[in-house]
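Just below is one structure, and these are the notes that go with it.
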Amino acid sequence: MRRSSDLQPEIADESAWWRDAVFYQVYVRSFADANGDGVGDLDGIRSRLGYLELLGVDALWLTPFFTSPMADHGYDVADPRDVDPLFGDLAAFDRLVTEAHAHNLKVTIDLVPNHTSDRHAWFQAALRAGPGSVERDRFVFRDGGGFDGSVPPNNWPSQFGGPAWTRVPDGQWYLHLFAPEQPDLNWDNAEVAADLARTLRFWLDRGVDGFRIDVAHGMAKPYGLPNLDPRVELGAGVMHDNALDPRFDNDGVHEIHRMIRKVVDEYPGRMAVGEIWVKDDERYARYLRPDELHLGFSFRFLEAPFDADGVRSAIEHGLSAVRGVGAPPTWTLSNHDVPRHVTRYGGGAIGAQRARAMTLVELALPGVVYLYNGEELGLPDVELPEWALQDPIWLRSGHTQRGRDGCRVPLPWEGDTPPFGFTQGATTWLPQPNEWAGLTAESQLEDPDSMLSFYRQALELRKSHGAFNGDELEWYGAPPGCFAFRRKGGGLICALNTSGAPVPLPPGEVLLASGPMAGNQLPPDTAVWLV
C-alpha cells in the first residue's frame, strides 16, 4: 500500500486518498431494500454501512439512483440532479453521505454524460421542436438516406443490439449507441457541457467525494459520422475495444474530460474515474493525463483467463499504461456488466477457489482496487428463468443474448430462504436461488474459512502491513503456469499457481494463502502472500 512518504510532493497529503483506495461498487437495486418493495434503495445502503466498514473498504461507488424510467435500470437518466422515488429522495441521499462519512467511507457516484433518457425534458422538447431547432441540436439528429429518408444516416449498430438509430414521426433519425430510450447527447453543443458542469457541482456541493464516468471513451463523435467498416469484427458483450470503431475513443473526448477535471478540482480531495474500454496503452493513458481523469478502469485484468501468463500480461500492461502519466493503476475482477469471476473461472468449488486466488493477486498489486458487491460472499452468476430477465440486451437481441441480469441478483444477507433479509417484502426484483442459503453474510461472518472472512483478513493486511509499500514490481522466475512478484519497497511476495500440479513456494514466511497449503508446496489454483 502506498504511504504518504512515497508520494510525489504535490499529492503527498490526505487529498490523494483515492490513489490506493479499495472501492466497493454498490449496484443500488441489488444491495439492500429498506421499504419492502423488493428493489434496493438509499436507506437500504445506509442500513448496511456498518457491514461495509467491517469489511474494510475505503469508499463506495453507487450506480445511478437518479430520476429514470428504468429502461436500462437507471443508466437512462431523465433528471441527473434528483433521486428517483424508487430509491428515495434527496434527503435520503444526504443522510447516506453523512453517515457514510461517519463510518470513514467516501462516497462516489455514477455520471452518465454520453446520453440521457428519452423522457428527459430536453429530448421531449427536441421532439416537439422539429428539425433544425436549437432543441434538436442538443442531441444527434440527422436526416436519413434513400429517396424518402428511410435509410438510417449510417450503419452504426447499437451496443444493445439492432441499429443505433431510431426514426421519429417527422422523418429525422436520432442516434443512440445504447437503447432507443437513451438518445446520445451532442457534445459539440456548449449547453451540454454547461449542464454537466452544473450536475457535477450539484453533487459535489452535497458532499460526494468523486464520480465514476460511464462510457468515458464515448461522447465525442467523429466528424461526418462515417460508416463502420462492415469487415470490422466488433465482438460480443456490452463494451469492447476496437481501434477501427468510429463510435468510441475519438480525440475530442479529451476536452470533455478536461472540463470535468477543472470542475472537480474546485473541490479539493475529490476525484473522477473513467470507464475506459481502450486497450492500446498509449491511447488509454491519454485519459489520465494530469488535467484529465484521476483514475481509469482498465479491463485487461478482468478479461484475463485464469492463466498465469495471461494474468501477468494484464498486470504488466496495467502498470506500464499509467507509468508515464503518474496515475495509479486500477484493478477489478467483476462489475455489473460482466459475469461474476467465480462463474468466469469455472463456477462451483473450482471457480470459488480460483476467485480467492485472484483476489490475493489483485490486492497484492499497487494502486486502486474496485470490488463488486457480493464478490466478498463468493456469489456466482445466477441462471435466471427467461420470464425474469429484464436487461435491454435480452430484449433488443430478440432473446438471443441473456444480458447481464445474472450478475445483478440481490444480495443474500441472512436467513435460510429467499429473500435472505434483502427486503421485508416477499419477493426481490430478480429472484434469488434457494442454494444461496450457505452464502449469506450472516452464515459467513463467524466462519474463519468463509469467503467473507478471507476478504476481511486480506483487506486488513493490505491496509496495515508494511510489506505493501512501494509501487514497482519485481518478477521472479517460476515454473510454467505460475508466477511470483515482489513489491519493491515493502517486500511482499505474491505467487500464483494456475498449473495442474503443486510447485515449490518462493522463500519467505506465509502471510496469507487463498486455500490450504501443502508444506512448502503451493497447490494448484492457489495464491499466497509471503514476507
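Here's how to read the names in the C-alpha cells: chain A, B, ... by the order shown, residue numbers from 1 in each chain, ligand numbers from 1 in the order shown.
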- Pick out the residues sitting within 7 Å of region 225-234 of chain A, and hand them over as a ChimeraX atom specification; count only C-alpha atoms, and ignore anything fewer than 4 positions along from it in its own chain. /A:154-156,221,242,245-246
- Polymer residues at most 6 Å from Arg340 (chain A), only C-alpha atoms, same-chain spacing of 4 or more positions, as a PyMOL selection string: chain A and resi 334+380-381+407
- Message: So that I can check the surroundings of region 441-445 of chain A, please list as a ChimeraX atom specification every protein, DNA and RNA residue that reaches within 12 Å of it, counting only C-alpha atoms and ignoring chain neighbours fewer than 5 positions away.
- Response: /A:48,51-52,54-55,373-379,411-416,420-422,436,450-457
- Message: Show me, as a count of residues only, the residues that have an atom within 7 Å of region 108-112 of chain A when counting only C-alpha atoms, minus same-chain residues fewer than 6 positions from it.
- Response: 13
- Quick one: residues within 6 Å of Gln182 (chain A), only C-alpha atoms counted, chain neighbours fewer than 4 positions away excluded, as a count of residues only? 6
- Write down as a PyMOL selection string the residues of region 329-442 of chain A whose backbone DSSP state falls under helix (DSSP H, G or I). chain A and resi 341-344+348-364+375-377+386-388+392-396+405-407+434-439+441-442
Would you mind writing down, as a CSV table (one decimal) with C-alpha atoms, in the first residue's frame, each residue of region 144-373 of chain A that DSSP on the backbone assigns to strand (DSSP E or B)?
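For reference, selection09.csv as written:
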chain,number,residue,atom,x,y,z
A,145,GLY,CA,-30.7,8.4,-46.7
A,151,VAL,CA,-32.4,4.6,-44.6
A,157,PRO,CA,-25.0,-0.7,-34.5
A,163,PRO,CA,-29.3,-0.3,-35.3
A,165,TRP,CA,-30.7,5.0,-35.0
A,166,THR,CA,-34.4,5.4,-34.4
A,167,ARG,CA,-36.7,7.4,-36.7
A,173,TRP,CA,-33.4,10.0,-37.0
A,174,TYR,CA,-31.6,10.2,-33.7
A,175,LEU,CA,-28.5,8.4,-32.5
A,184,ASP,CA,-26.9,10.4,-27.4
A,185,LEU,CA,-26.1,14.0,-26.4
A,210,GLY,CA,-16.0,11.7,-6.6
A,211,PHE,CA,-17.5,10.3,-9.8
A,212,ARG,CA,-17.4,7.3,-12.0
A,213,ILE,CA,-17.8,8.4,-15.6
A,271,MET,CA,-11.7,12.6,-7.8
A,272,ALA,CA,-13.1,11.1,-11.1
A,273,VAL,CA,-12.6,7.6,-12.6
A,274,GLY,CA,-13.5,6.7,-16.1
A,275,GLU,CA,-14.9,3.6,-17.7
A,295,LEU,CA,-8.2,7.1,-12.5
A,296,GLY,CA,-9.3,4.9,-15.3
A,297,PHE,CA,-10.8,1.4,-15.4
A,330,THR,CA,-6.8,0.4,-11.2
A,331,TRP,CA,-7.7,-3.3,-10.8
A,332,THR,CA,-11.1,-5.0,-10.8
A,368,VAL,CA,-6.6,1.1,-6.7
A,369,VAL,CA,-8.9,-1.8,-6.3
A,370,TYR,CA,-12.6,-1.9,-7.2
A,371,LEU,CA,-14.8,-4.7,-5.6
A,372,TYR,CA,-18.3,-5.5,-6.8
- Go ahead and compute the interatomic distance for CA of Val77 (chain A) and CA of Val253 (chain A), in Å to one decimal.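 According to the coordinates, CA of Val77 (chain A) and CA of Val253 (chain A) are separated by 20.5 Å.
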